[in-house]
$ cat run_1.pdb   # PDB, C-alpha atoms
ATOM      1  CA  MET A   1      99.240 126.837 103.366
ATOM      2  CA  TRP A   2      97.129 125.489 100.505
ATOM      3  CA  ALA A   3      98.258 126.106  96.941
ATOM      4  CA  GLN A   4      97.514 125.015  93.427
ATOM      5  CA  GLN A   5     100.637 123.462  91.882
ATOM      6  CA  LEU A   6     101.209 122.759  88.197
ATOM      7  CA  ILE A   7     102.629 119.213  88.171
ATOM      8  CA  GLU A   8     102.617 118.596  84.418
ATOM      9  CA  PRO A   9     101.406 120.517  81.354
ATOM     10  CA  GLY A  10      97.790 121.509  81.877
ATOM     11  CA  VAL A  11      97.401 119.687  85.209
ATOM     12  CA  PHE A  12      97.042 121.308  88.644
ATOM     13  CA  LYS A  13      97.122 119.549  91.999
ATOM     14  CA  GLN A  14      96.106 121.172  95.281
ATOM     15  CA  VAL A  15      98.937 120.801  97.781
ATOM     16  CA  SER A  16      99.832 121.807 101.318
ATOM     17  CA  VAL A  17     103.221 123.529 101.582
ATOM     18  CA  PRO A  18     105.025 125.773 104.083
ATOM     19  CA  ALA A  19     103.741 129.346 104.056
ATOM     20  CA  PRO A  20     106.179 132.209 103.497
ATOM     21  CA  ASP A  21     107.483 133.589 106.791
ATOM     22  CA  PRO A  22     106.782 137.324 107.183
ATOM     23  CA  ALA A  23     110.126 137.572 108.955
ATOM     24  CA  ASP A  24     111.827 136.687 105.663
ATOM     25  CA  LEU A  25     110.444 139.702 103.785
ATOM     26  CA  VAL A  26     113.032 142.144 102.547
ATOM     27  CA  ALA A  27     112.555 145.919 102.374
ATOM     28  CA  GLY A  28     109.884 146.844  99.848
ATOM     29  CA  GLU A  29     108.010 143.540  99.964
ATOM     30  CA  THR A  30     104.436 142.825 101.081
ATOM     31  CA  GLN A  31     102.820 139.543 102.009
ATOM     32  CA  LEU A  32      99.172 139.011 101.126
ATOM     33  CA  ARG A  33      96.532 136.500 102.153
ATOM     34  CA  VAL A  34      94.988 135.910  98.740
ATOM     35  CA  HIS A  35      91.294 136.735  98.304
ATOM     36  CA  GLY A  36      91.214 136.210  94.543
ATOM     37  CA  GLY A  37      93.077 136.281  91.268
ATOM     38  CA  ALA A  38      92.431 136.411  87.539
ATOM     39  CA  ILE A  39      93.918 134.623  84.552
ATOM     40  CA  CYS A  40      95.996 136.663  82.109
ATOM     41  CA  GLY A  41      96.867 135.486  78.625
ATOM     42  CA  SER A  42     100.515 135.595  79.646
ATOM     43  CA  ASP A  43      99.808 132.834  82.220
ATOM     44  CA  LEU A  44      98.510 130.391  79.633
ATOM     45  CA  PRO A  45     101.794 129.313  77.972
ATOM     46  CA  TYR A  46     103.101 128.308  81.405
ATOM     47  CA  PHE A  47      99.893 126.375  82.103
ATOM     48  CA  ALA A  48     100.706 124.475  78.897
ATOM     49  CA  GLY A  49     104.157 123.654  80.273
ATOM     50  CA  ARG A  50     106.388 126.341  78.791
ATOM     51  CA  VAL A  51     109.579 127.211  80.683
ATOM     52  CA  SER A  52     109.293 130.512  82.557
ATOM     53  CA  PRO A  53     112.044 133.146  82.272
ATOM     54  CA  LEU A  54     110.973 134.624  85.626
ATOM     55  CA  PHE A  55     112.949 132.186  87.802
ATOM     56  CA  ALA A  56     115.209 129.130  87.569
ATOM     57  CA  ASP A  57     112.515 126.964  85.993
ATOM     58  CA  ASP A  58     114.383 123.678  85.589
ATOM     59  CA  SER A  59     111.800 121.205  86.899
ATOM     60  CA  THR A  60     110.711 118.349  84.652
ATOM     61  CA  LEU A  61     107.259 118.323  83.034
ATOM     62  CA  ALA A  62     106.102 121.648  84.558
ATOM     63  CA  ALA A  63     107.244 124.376  86.944
ATOM     64  CA  ASN A  64     106.010 122.665  90.144
ATOM     65  CA  VAL A  65     106.007 126.017  91.963
ATOM     66  CA  PRO A  66     103.127 126.438  94.446
ATOM     67  CA  GLY A  67     100.731 129.136  93.282
ATOM     68  CA  PHE A  68     102.234 129.472  89.785
ATOM     69  CA  PRO A  69     101.260 130.800  87.232
ATOM     70  CA  MET A  70      99.045 133.721  88.272
ATOM     71  CA  HIS A  71      99.997 137.355  88.887
ATOM     72  CA  GLU A  72      96.711 139.323  88.950
ATOM     73  CA  VAL A  73      95.825 139.396  92.638
ATOM     74  CA  VAL A  74      93.724 140.907  95.407
ATOM     75  CA  GLY A  75      94.465 140.051  99.010
ATOM     76  CA  GLU A  76      94.670 141.138 102.636
ATOM     77  CA  VAL A  77      97.952 142.691 103.754
ATOM     78  CA  ILE A  78      99.584 140.376 106.308
ATOM     79  CA  ALA A  79     102.962 142.068 106.529
ATOM     80  CA  SER A  80     104.420 145.185 104.895
ATOM     81  CA  ASP A  81     106.806 148.067 105.588
ATOM     82  CA  ASP A  82     104.895 150.323 103.166
ATOM     83  CA  PRO A  83     102.768 152.967 104.922
ATOM     84  CA  GLU A  84     100.342 152.914 101.971
ATOM     85  CA  LEU A  85      99.684 149.200 102.543
ATOM     86  CA  PRO A  86      98.697 148.911 106.209
ATOM     87  CA  VAL A  87      98.266 145.459 107.725
ATOM     88  CA  GLY A  88      94.640 144.322 107.616
ATOM     89  CA  ARG A  89      93.705 146.334 104.513
ATOM     90  CA  ARG A  90      93.273 144.860 101.045
ATOM     91  CA  ALA A  91      95.664 145.399  98.159
ATOM     92  CA  VAL A  92      95.400 144.852  94.409
ATOM     93  CA  GLY A  93      97.986 144.575  91.668
ATOM     94  CA  TRP A  94     100.767 142.287  90.540
ATOM     95  CA  ALA A  95     101.919 139.221  92.457
ATOM     96  CA  THR A  96     105.465 139.683  91.279
ATOM     97  CA  ARG A  97     106.472 136.104  92.048
ATOM     98  CA  THR A  98     103.530 134.974  89.863
ATOM     99  CA  THR A  99     102.263 132.792  92.711
ATOM    100  CA  ALA A 100      98.751 134.106  93.395
ATOM    101  CA  MET A 101      97.067 130.672  93.399
ATOM    102  CA  ALA A 102      98.015 130.087  97.004
ATOM    103  CA  GLU A 103      96.821 131.048 100.463
ATOM    104  CA  PHE A 104      99.681 133.549 100.748
ATOM    105  CA  THR A 105     101.832 135.318  98.185
ATOM    106  CA  VAL A 106     104.662 137.864  98.383
ATOM    107  CA  SER A 107     104.988 140.824  96.036
ATOM    108  CA  ARG A 108     106.928 144.005  95.578
ATOM    109  CA  SER A 109     105.032 146.668  97.478
ATOM    110  CA  ASP A 110     105.241 149.236  94.675
ATOM    111  CA  ASN A 111     103.343 146.790  92.437
ATOM    112  CA  LEU A 112     100.313 147.036  94.730
ATOM    113  CA  MET A 113      97.683 149.628  95.628
ATOM    114  CA  GLN A 114      95.338 149.669  98.597
ATOM    115  CA  VAL A 115      91.859 148.640  97.457
ATOM    116  CA  PRO A 116      89.223 151.364  97.958
ATOM    117  CA  ASP A 117      86.683 150.389 100.601
ATOM    118  CA  ASP A 118      83.795 150.399  98.138
ATOM    119  CA  ARG A 119      85.333 147.835  95.782
ATOM    120  CA  GLU A 120      84.548 144.140  96.065
ATOM    121  CA  THR A 121      87.261 141.609  95.273
ATOM    122  CA  SER A 122      85.901 140.897  91.795
ATOM    123  CA  ASP A 123      85.805 144.470  90.513
ATOM    124  CA  ALA A 124      89.101 145.283  92.256
ATOM    125  CA  LEU A 125      90.720 142.504  90.201
ATOM    126  CA  THR A 126      89.691 144.327  87.017
ATOM    127  CA  LEU A 127      91.977 147.215  87.990
ATOM    128  CA  GLN A 128      95.177 145.298  87.197
ATOM    129  CA  PRO A 129      94.555 144.603  83.477
ATOM    130  CA  LEU A 130      92.828 147.964  83.107
ATOM    131  CA  ALA A 131      95.923 149.660  84.552
ATOM    132  CA  CYS A 132      98.043 148.155  81.768
ATOM    133  CA  VAL A 133      95.648 149.366  79.081
ATOM    134  CA  VAL A 134      95.008 152.882  80.407
ATOM    135  CA  GLU A 135      98.738 153.516  80.831
ATOM    136  CA  THR A 136      99.600 152.154  77.383
ATOM    137  CA  VAL A 137      97.010 154.395  75.723
ATOM    138  CA  ARG A 138      98.308 157.363  77.706
ATOM    139  CA  LEU A 139     101.833 156.682  76.437
ATOM    140  CA  LEU A 140     100.583 156.424  72.846
ATOM    141  CA  GLY A 141      99.728 160.124  72.975
ATOM    142  CA  ASP A 142      96.873 162.011  71.382
ATOM    143  CA  LEU A 143      94.529 159.653  69.524
ATOM    144  CA  THR A 144      92.081 162.363  68.505
ATOM    145  CA  GLY A 145      90.809 161.753  64.986
ATOM    146  CA  LEU A 146      92.779 158.538  64.410
ATOM    147  CA  ARG A 147      91.505 155.248  63.042
ATOM    148  CA  VAL A 148      92.616 152.716  65.639
ATOM    149  CA  ALA A 149      92.506 148.968  65.035
ATOM    150  CA  VAL A 150      92.814 146.413  67.804
ATOM    151  CA  LEU A 151      93.947 142.991  66.637
ATOM    152  CA  GLY A 152      92.612 140.356  69.027
ATOM    153  CA  LEU A 153      89.447 140.947  71.064
ATOM    154  CA  GLY A 154      90.249 138.937  74.144
ATOM    155  CA  PRO A 155      90.223 140.417  77.667
ATOM    156  CA  PHE A 156      92.905 142.983  76.837
ATOM    157  CA  GLY A 157      91.768 143.736  73.315
ATOM    158  CA  VAL A 158      88.266 144.769  74.329
ATOM    159  CA  LEU A 159      89.652 147.065  77.024
ATOM    160  CA  PHE A 160      91.913 148.693  74.431
ATOM    161  CA  CYS A 161      88.885 149.340  72.232
ATOM    162  CA  HIS A 162      86.992 151.007  75.066
ATOM    163  CA  VAL A 163      89.907 153.128  76.277
ATOM    164  CA  ALA A 164      91.027 154.174  72.777
ATOM    165  CA  ARG A 165      87.513 155.379  71.918
ATOM    166  CA  SER A 166      87.313 157.262  75.204
ATOM    167  CA  ALA A 167      90.679 158.846  74.393
ATOM    168  CA  GLY A 168      89.290 160.453  71.243
ATOM    169  CA  ALA A 169      89.850 157.944  68.449
ATOM    170  CA  ALA A 170      87.631 158.752  65.480
ATOM    171  CA  ALA A 171      86.900 155.072  64.917
ATOM    172  CA  VAL A 172      87.867 151.845  66.629
ATOM    173  CA  ILE A 173      88.095 148.681  64.535
ATOM    174  CA  GLY A 174      88.138 145.356  66.375
ATOM    175  CA  VAL A 175      89.485 142.257  64.604
ATOM    176  CA  ASP A 176      89.086 138.707  65.883
ATOM    177  CA  ARG A 177      88.533 135.178  64.591
ATOM    178  CA  VAL A 178      85.852 134.764  67.273
ATOM    179  CA  ASP A 179      82.534 136.461  66.579
ATOM    180  CA  ARG A 180      82.436 139.328  69.109
ATOM    181  CA  THR A 181      79.258 140.980  67.835
ATOM    182  CA  ASP A 182      77.749 140.810  71.311
ATOM    183  CA  LEU A 183      80.556 142.983  72.698
ATOM    184  CA  ALA A 184      80.745 145.779  70.152
ATOM    185  CA  GLU A 185      78.429 148.276  71.801
ATOM    186  CA  ASP A 186      79.604 147.715  75.382
ATOM    187  CA  PHE A 187      83.275 148.140  74.437
ATOM    188  CA  GLN A 188      82.811 151.049  71.998
ATOM    189  CA  ILE A 189      83.839 149.111  68.885
ATOM    190  CA  ASP A 190      82.724 151.065  65.816
ATOM    191  CA  GLU A 191      83.639 148.461  63.195
ATOM    192  CA  LEU A 192      83.766 144.777  64.024
ATOM    193  CA  VAL A 193      85.766 142.484  61.737
ATOM    194  CA  HIS A 194      85.099 138.774  62.240
ATOM    195  CA  SER A 195      88.188 137.482  60.473
ATOM    196  CA  SER A 196      91.689 136.173  60.903
ATOM    197  CA  GLY A 197      94.411 138.808  61.003
ATOM    198  CA  ASP A 198      96.019 137.755  57.726
ATOM    199  CA  ARG A 199      92.731 137.807  55.795
ATOM    200  CA  TRP A 200      91.842 141.204  57.217
ATOM    201  CA  ALA A 201      95.256 142.598  56.267
ATOM    202  CA  ALA A 202      95.066 141.119  52.765
ATOM    203  CA  THR A 203      91.591 142.452  51.955
ATOM    204  CA  ILE A 204      91.440 145.849  53.679
ATOM    205  CA  LYS A 205      90.847 148.832  51.387
ATOM    206  CA  ASP A 206      93.492 151.561  51.325
ATOM    207  CA  SER A 207      90.913 154.119  52.427
ATOM    208  CA  GLU A 208      90.127 152.041  55.538
ATOM    209  CA  ARG A 209      93.659 151.371  56.718
ATOM    210  CA  PRO A 210      94.211 152.279  60.384
ATOM    211  CA  ASP A 211      96.624 154.930  61.607
ATOM    212  CA  LEU A 212      97.389 152.845  64.696
ATOM    213  CA  VAL A 213      97.203 149.112  65.296
ATOM    214  CA  ILE A 214      97.386 147.677  68.796
ATOM    215  CA  GLU A 215      98.359 144.026  68.534
ATOM    216  CA  ALA A 216      96.696 142.391  71.549
ATOM    217  CA  VAL A 217      97.103 138.734  70.561
ATOM    218  CA  GLY A 218     100.740 137.941  71.262
ATOM    219  CA  HIS A 219     102.299 134.505  71.738
ATOM    220  CA  GLN A 220     103.100 133.966  68.047
ATOM    221  CA  THR A 221     104.757 135.906  65.258
ATOM    222  CA  ALA A 222     102.155 135.960  62.478
ATOM    223  CA  THR A 223      99.865 138.704  63.799
ATOM    224  CA  LEU A 224     102.771 141.099  64.224
ATOM    225  CA  ASN A 225     103.261 141.130  60.470
ATOM    226  CA  ASP A 226      99.509 141.112  59.807
ATOM    227  CA  ALA A 227      99.362 144.402  61.699
ATOM    228  CA  ILE A 228     102.263 145.809  59.689
ATOM    229  CA  ALA A 229     100.557 144.835  56.435
ATOM    230  CA  ALA A 230      97.275 146.454  57.461
ATOM    231  CA  LEU A 231      98.634 149.834  58.581
ATOM    232  CA  ALA A 232      98.331 153.033  56.606
ATOM    233  CA  PRO A 233     101.579 154.667  55.441
ATOM    234  CA  GLY A 234     103.145 156.584  58.315
ATOM    235  CA  GLY A 235     101.165 154.551  60.839
ATOM    236  CA  ARG A 236     102.143 153.098  64.191
ATOM    237  CA  LEU A 237     102.089 149.599  65.612
ATOM    238  CA  PHE A 238     102.092 148.955  69.338
ATOM    239  CA  TYR A 239     102.848 145.334  70.138
ATOM    240  CA  PHE A 240     101.093 144.689  73.433
ATOM    241  CA  GLY A 241     100.678 140.918  73.208
ATOM    242  CA  VAL A 242     103.371 139.112  75.199
ATOM    243  CA  PRO A 243     106.100 137.657  72.933
ATOM    244  CA  ASP A 244     106.938 134.013  73.548
ATOM    245  CA  GLU A 245     110.165 134.040  71.560
ATOM    246  CA  PRO A 246     113.294 136.181  72.092
ATOM    247  CA  PHE A 247     113.448 137.092  68.388
ATOM    248  CA  TYR A 248     110.588 137.803  65.963
ATOM    249  CA  PRO A 249     110.822 138.032  62.147
ATOM    250  CA  VAL A 250     109.615 141.474  61.106
ATOM    251  CA  ALA A 251     108.539 142.547  57.612
ATOM    252  CA  MET A 252     111.197 145.263  57.569
ATOM    253  CA  GLN A 253     110.806 146.038  53.874
ATOM    254  CA  THR A 254     107.163 146.965  54.548
ATOM    255  CA  VAL A 255     108.065 148.930  57.681
ATOM    256  CA  PHE A 256     110.676 150.822  55.659
ATOM    257  CA  ARG A 257     108.517 151.505  52.585
ATOM    258  CA  LYS A 258     105.501 152.617  54.610
ATOM    259  CA  GLY A 259     107.520 154.640  57.107
ATOM    260  CA  LEU A 260     105.989 152.843  60.077
ATOM    261  CA  ALA A 261     106.823 153.138  63.773
ATOM    262  CA  VAL A 262     106.850 149.901  65.780
ATOM    263  CA  SER A 263     106.997 149.823  69.572
ATOM    264  CA  GLY A 264     106.130 147.738  72.613
ATOM    265  CA  GLY A 265     106.823 147.692  76.305
ATOM    266  CA  ILE A 266     105.702 146.882  79.821
ATOM    267  CA  VAL A 267     104.016 149.027  82.444
ATOM    268  CA  SER A 268     106.145 150.779  85.065
ATOM    269  CA  GLU A 269     105.096 152.939  88.042
ATOM    270  CA  ARG A 270     102.426 150.357  88.663
ATOM    271  CA  ARG A 271     100.787 151.907  91.717
ATOM    272  CA  ARG A 272     100.172 155.123  89.790
ATOM    273  CA  CYS A 273      98.728 153.080  86.920
ATOM    274  CA  LEU A 274      96.392 151.222  89.284
ATOM    275  CA  ARG A 275      95.107 154.567  90.547
ATOM    276  CA  GLN A 276      94.480 155.672  86.947
ATOM    277  CA  ALA A 277      92.537 152.472  86.382
ATOM    278  CA  ASP A 278      90.410 153.072  89.469
ATOM    279  CA  GLU A 279      89.552 156.547  88.175
ATOM    280  CA  TYR A 280      88.647 155.124  84.757
ATOM    281  CA  LEU A 281      86.435 152.407  86.218
ATOM    282  CA  ARG A 282      84.579 155.039  88.242
ATOM    283  CA  ARG A 283      83.832 156.870  84.986
ATOM    284  CA  PHE A 284      82.503 153.637  83.473
ATOM    285  CA  PRO A 285      81.201 151.560  86.402
ATOM    286  CA  GLY A 286      79.345 149.113  84.153
ATOM    287  CA  LEU A 287      82.533 148.038  82.395
ATOM    288  CA  HIS A 288      83.486 145.487  85.035
ATOM    289  CA  GLN A 289      80.193 143.615  84.864
ATOM    290  CA  ARG A 290      80.543 143.128  81.095
ATOM    291  CA  TYR A 291      84.239 142.330  81.289
ATOM    292  CA  VAL A 292      84.200 139.447  83.800
ATOM    293  CA  THR A 293      82.305 136.534  82.279
ATOM    294  CA  HIS A 294      83.449 133.558  84.376
ATOM    295  CA  ARG A 295      84.170 133.129  88.083
ATOM    296  CA  PHE A 296      85.471 129.970  89.701
ATOM    297  CA  LEU A 297      86.564 129.003  93.182
ATOM    298  CA  MET A 298      90.328 128.760  93.596
ATOM    299  CA  THR A 299      89.846 125.030  94.131
ATOM    300  CA  GLU A 300      88.533 124.912  90.561
ATOM    301  CA  ALA A 301      91.752 126.263  89.023
ATOM    302  CA  GLN A 302      91.976 123.346  86.613
ATOM    303  CA  ARG A 303      88.620 124.077  85.038
ATOM    304  CA  ALA A 304      89.205 127.841  85.104
ATOM    305  CA  PHE A 305      92.441 127.561  83.106
ATOM    306  CA  GLU A 306      90.859 125.149  80.653
ATOM    307  CA  VAL A 307      88.083 127.668  79.987
ATOM    308  CA  ALA A 308      90.526 130.586  79.712
ATOM    309  CA  SER A 309      92.728 128.667  77.260
ATOM    310  CA  VAL A 310      90.049 128.413  74.563
ATOM    311  CA  PRO A 311      88.874 131.630  72.858
ATOM    312  CA  ALA A 312      85.096 131.472  72.668
ATOM    313  CA  LYS A 313      82.113 133.702  72.074
ATOM    314  CA  GLY A 314      80.845 135.022  75.384
ATOM    315  CA  ARG A 315      84.093 134.358  77.246
ATOM    316  CA  LEU A 316      86.271 137.255  78.365
ATOM    317  CA  LYS A 317      87.906 137.549  81.800
ATOM    318  CA  VAL A 318      88.136 134.475  84.031
ATOM    319  CA  GLN A 319      88.551 135.051  87.766
ATOM    320  CA  LEU A 320      89.268 132.718  90.672
ATOM    321  CA  ILE A 321      87.888 133.650  94.075
ATOM    322  CA  VAL A 322      88.844 132.172  97.455
ATOM    323  CA  SER A 323      85.795 130.851  99.269
ATOM    324  CA  ARG A 324      85.268 132.520 102.672
TER     325      ARG A 324
END

$ encode --input "run_1.pdb" --output "structure tokens"
Amino acid sequence: MWAQQLIEPGVFKQVSVPAPDPADLVAGETQLRVHGGAICGSDLPYFAGRVSPLFADDSTLAANVPGFPMHEVVGEVIASDDPELPVGRRAVGWATRTTAMAEFTVSRSDNLMQVPDDRETSDALTLQPLACVVETVRLLGDLTGLRVAVLGLGPFGVLFCHVARSAGAAAVIGVDRVDRTDLAEDFQIDELVHSSGDRWAATIKDSERPDLVIEAVGHQTATLNDAIAALAPGGRLFYFGVPDEPFYPVAMQTVFRKGLAVSGGIVSERRRCLRQADEYLRRFPGLHQRYVTHRFLMTEAQRAFEVASVPAKGRLKVQLIVSR
């Protein structure tokens, strides 16, 4: 099979490697012929050469695993023991081996959902990140009347703004160092703050402090404490951005004095969450068109990751599609 393989930090090479044998699948696994994938912020540290905790990543320079790192996937079911994923139909969800930049990938079946017939590959790919956001907002409980701030207006941050407003938030504040003025209306952002997180937290008026902050930046420690500093007393922080370090310094004195609640977590029951996302996207069918800003062929993975690695005005979700 063909695959994109990361051979050193920031460098892909297209290779030909043995395809997974459907006979080697264990119970609860599904093999897909990949139709397309999308780049998540959690893929980018590995593109830069970071060691992955997902497998025995002991290769020099970079992981050198065919298809790695990409987990957002749509593909045709080649082999499966799951009656909800019949052979020949398409599936969307998580490539749990994070190897979706290849002709074939294997995933846990319960991390996938059959793609509705009326969804093209591109809009089906939007269901995976949207599933994470819709489920997280559901778990946060009733947002009615709350001031909700989203720190980081990348592909996940803008979805959080849209879903939080739809869930009844009184106001949604979006904070980003990149000017996202062009996105405010489409993603239901009531107040747009073009600023770094620390400056926003240091200058916010007490009367404008949010009741809930969703930290959607991740990958560094500073914005965690910016969110804590910005919150109103008794507020909540949900840390959605993927942590790159096992331990983070937390401004505990502030958490204690303000009486804050801090939480985070990953999405479980993923097939149910994908169904929720499909229902949400049917309520807002124009969301996908505004969300996906760049599409590349899978053979252009190098350029796609370079674009996705640099926050820029006008750039949100980057997808890679297999030419057919």

$ closest_residue --input "run_1.pdb" --among "A:Gly10, A:Gly168, A:Pro210, A:Gly157" --to "A:Arg180" --atoms "all atoms listed in the file"
A:Gly157

$ closest_residue --input "run_1.pdb" --among "A:Gly264, A:Gly314, A:Pro9, A:Pro45" --to "A:Gln220" --atoms "only C-alpha atoms"
A:Pro45

$ resolve_selection --input "run_1.pdb" --expression "the PyMOL selection byres ((chain A and resi 242-257) around 9)" --output "list in words"
Gly41, Ser42, Pro45, Ala216, Val217, Gly218, His219, Gln220, Thr221, Ala222, Leu224, Asn225, Ile228, Ala229, Pro233, Tyr239, Phe240, Gly241, Lys258, Gly259, Leu260, Ala261 and Val262 of chain A

$ atom_distance --input "run_1.pdb" --atom1 "atom CA of A:Val15" --atom2 "atom CA of A:Pro53"
23.8 Å

$ residues_near_point --input "run_1.pdb" --point "(96.5, 141.0, 89.5)" --cutoff "7 Å" --atoms "only C-alpha atoms" --output "list in words"
Gly37, Ala38, His71, Glu72, Val73, Val74, Val92, Gly93, Trp94, Ala95, Leu125 and Gln128 of chain A

$ resolve_selection --input "run_1.pdb" --expression "the PyMOL selection byres ((chain A and resi 170) around 6)" --output "PyMOL selection string"
chain A and resi 145-147+169+171

$ write_last_selection --input "run_1.pdb" --atoms "C-alpha atoms" --output "mmCIF file, in the frame of the given file"
data_model
loop_
_atom_site.group_PDB
_atom_site.id
_atom_site.type_symbol
_atom_site.label_atom_id
_atom_site.label_comp_id
_atom_site.auth_asym_id
_atom_site.auth_seq_id
_atom_site.Cartn_x
_atom_site.Cartn_y
_atom_site.Cartn_z
ATOM 1 C CA GLY A 145 90.809 161.753 64.986
ATOM 2 C CA LEU A 146 92.779 158.538 64.410
ATOM 3 C CA ARG A 147 91.505 155.248 63.042
ATOM 4 C CA ALA A 169 89.850 157.944 68.449
ATOM 5 C CA ALA A 171 86.900 155.072 64.917
#

$ residues_around --input "run_1.pdb" --residues "A:Cys40" --least-positions-apart "3" --cutoff "10 Å" --atoms "only C-alpha atoms" --output "ChimeraX atom specification"
/A:37,43-44,69-72,129,155-156,305,308-309,317-319

$ closest_residue --input "run_1.pdb" --among "A:Leu32, A:Met101, A:Val17, A:Leu143" --to "A:Gln302" --atoms "all atoms listed in the file"
A:Met101

$ resolve_selection --input "run_1.pdb" --expression "the PyMOL selection byres ((chain A and resi 300) around 12)" --output "list in words"
Ala3, Gln4, Val11, Phe12, Lys13, Gln14, Met101, His294, Arg295, Phe296, Leu297, Met298, Thr299, Ala301, Gln302, Arg303, Ala304, Phe305, Glu306, Val307, Val318, Gln319, Leu320, Ile321, Val322 and Ser323 of chain A

$ closest_residue --input "run_1.pdb" --among "A:Ser80, A:Gly75, A:Thr121, A:Leu54" --to "A:Thr98" --atoms "all atoms listed in the file"
A:Leu54

$ closest_residue --input "run_1.pdb" --among "A:Asp179, A:Glu29, A:Glu8, A:Glu279" --to "A:Ala79" --atoms "all atoms listed in the file"
A:Glu29

$ residues_around --input "run_1.pdb" --residues "stretch 116-118 of chain A" --least-positions-apart "3" --cutoff "12 Å" --atoms "all atoms listed in the file" --output "list in words"
Val74, Glu84, Leu85, Arg89, Arg90, Ala91, Val92, Met113, Thr121, Ser122, Asp123, Ala124, Leu125, Leu127, Leu274, Arg275, Asp278, Glu279 and Arg282 of chain A

$ build_atoms --input "run_1.pdb" --residues "stretch 5-22 of chain A" --atoms "N, CA and C atoms" --output "PDB file, keeping the file's coordinate frame"
ATOM      1  N   GLN A   5      99.287 123.688  92.410  1.00  0.00           N
ATOM      2  CA  GLN A   5     100.637 123.462  91.882  1.00  0.00           C
ATOM      3  C   GLN A   5     100.542 122.755  90.537  1.00  0.00           C
ATOM      4  N   LEU A   6     101.203 123.336  89.538  1.00  0.00           N
ATOM      5  CA  LEU A   6     101.209 122.759  88.197  1.00  0.00           C
ATOM      6  C   LEU A   6     102.226 121.615  88.169  1.00  0.00           C
ATOM      7  N   ILE A   7     101.748 120.378  88.055  1.00  0.00           N
ATOM      8  CA  ILE A   7     102.629 119.213  88.171  1.00  0.00           C
ATOM      9  C   ILE A   7     103.030 118.642  86.812  1.00  0.00           C
ATOM     10  N   GLU A   8     102.271 118.960  85.783  1.00  0.00           N
ATOM     11  CA  GLU A   8     102.617 118.596  84.418  1.00  0.00           C
ATOM     12  C   GLU A   8     101.816 119.514  83.507  1.00  0.00           C
ATOM     13  N   PRO A   9     102.116 119.572  82.207  1.00  0.00           N
ATOM     14  CA  PRO A   9     101.406 120.517  81.354  1.00  0.00           C
ATOM     15  C   PRO A   9      99.896 120.368  81.457  1.00  0.00           C
ATOM     16  N   GLY A  10      99.235 121.478  81.830  1.00  0.00           N
ATOM     17  CA  GLY A  10      97.790 121.509  81.877  1.00  0.00           C
ATOM     18  C   GLY A  10      97.159 120.791  83.053  1.00  0.00           C
ATOM     19  N   VAL A  11      97.945 120.446  84.083  1.00  0.00           N
ATOM     20  CA  VAL A  11      97.401 119.687  85.209  1.00  0.00           C
ATOM     21  C   VAL A  11      97.813 120.329  86.531  1.00  0.00           C
ATOM     22  N   PHE A  12      96.807 120.783  87.306  1.00  0.00           N
ATOM     23  CA  PHE A  12      97.042 121.308  88.644  1.00  0.00           C
ATOM     24  C   PHE A  12      96.726 120.251  89.695  1.00  0.00           C
ATOM     25  N   LYS A  13      97.405 120.366  90.816  1.00  0.00           N
ATOM     26  CA  LYS A  13      97.122 119.549  91.999  1.00  0.00           C
ATOM     27  C   LYS A  13      97.111 120.477  93.203  1.00  0.00           C
ATOM     28  N   GLN A  14      96.095 120.367  94.065  1.00  0.00           N
ATOM     29  CA  GLN A  14      96.106 121.172  95.281  1.00  0.00           C
ATOM     30  C   GLN A  14      97.019 120.512  96.301  1.00  0.00           C
ATOM     31  N   VAL A  15      97.925 121.315  96.861  1.00  0.00           N
ATOM     32  CA  VAL A  15      98.937 120.801  97.781  1.00  0.00           C
ATOM     33  C   VAL A  15      98.935 121.626  99.059  1.00  0.00           C
ATOM     34  N   SER A  16      99.586 121.087 100.071  1.00  0.00           N
ATOM     35  CA  SER A  16      99.832 121.807 101.318  1.00  0.00           C
ATOM     36  C   SER A  16     101.330 121.979 101.465  1.00  0.00           C
ATOM     37  N   VAL A  17     101.785 123.223 101.552  1.00  0.00           N
ATOM     38  CA  VAL A  17     103.221 123.529 101.582  1.00  0.00           C
ATOM     39  C   VAL A  17     103.488 124.577 102.653  1.00  0.00           C
ATOM     40  N   PRO A  18     104.726 124.736 103.083  1.00  0.00           N
ATOM     41  CA  PRO A  18     105.025 125.773 104.083  1.00  0.00           C
ATOM     42  C   PRO A  18     104.668 127.163 103.563  1.00  0.00           C
ATOM     43  N   ALA A  19     104.072 127.972 104.415  1.00  0.00           N
ATOM     44  CA  ALA A  19     103.741 129.346 104.056  1.00  0.00           C
ATOM     45  C   ALA A  19     104.984 130.220 104.145  1.00  0.00           C
ATOM     46  N   PRO A  20     105.056 131.287 103.344  1.00  0.00           N
ATOM     47  CA  PRO A  20     106.179 132.209 103.497  1.00  0.00           C
ATOM     48  C   PRO A  20     106.174 132.833 104.886  1.00  0.00           C
ATOM     49  N   ASP A  21     107.345 133.011 105.452  1.00  0.00           N
ATOM     50  CA  ASP A  21     107.483 133.589 106.791  1.00  0.00           C
ATOM     51  C   ASP A  21     107.593 135.101 106.658  1.00  0.00           C
ATOM     52  N   PRO A  22     106.675 135.863 107.278  1.00  0.00           N
ATOM     53  CA  PRO A  22     106.782 137.324 107.183  1.00  0.00           C
ATOM     54  C   PRO A  22     108.126 137.861 107.630  1.00  0.00           C
TER      55      PRO A  22
END
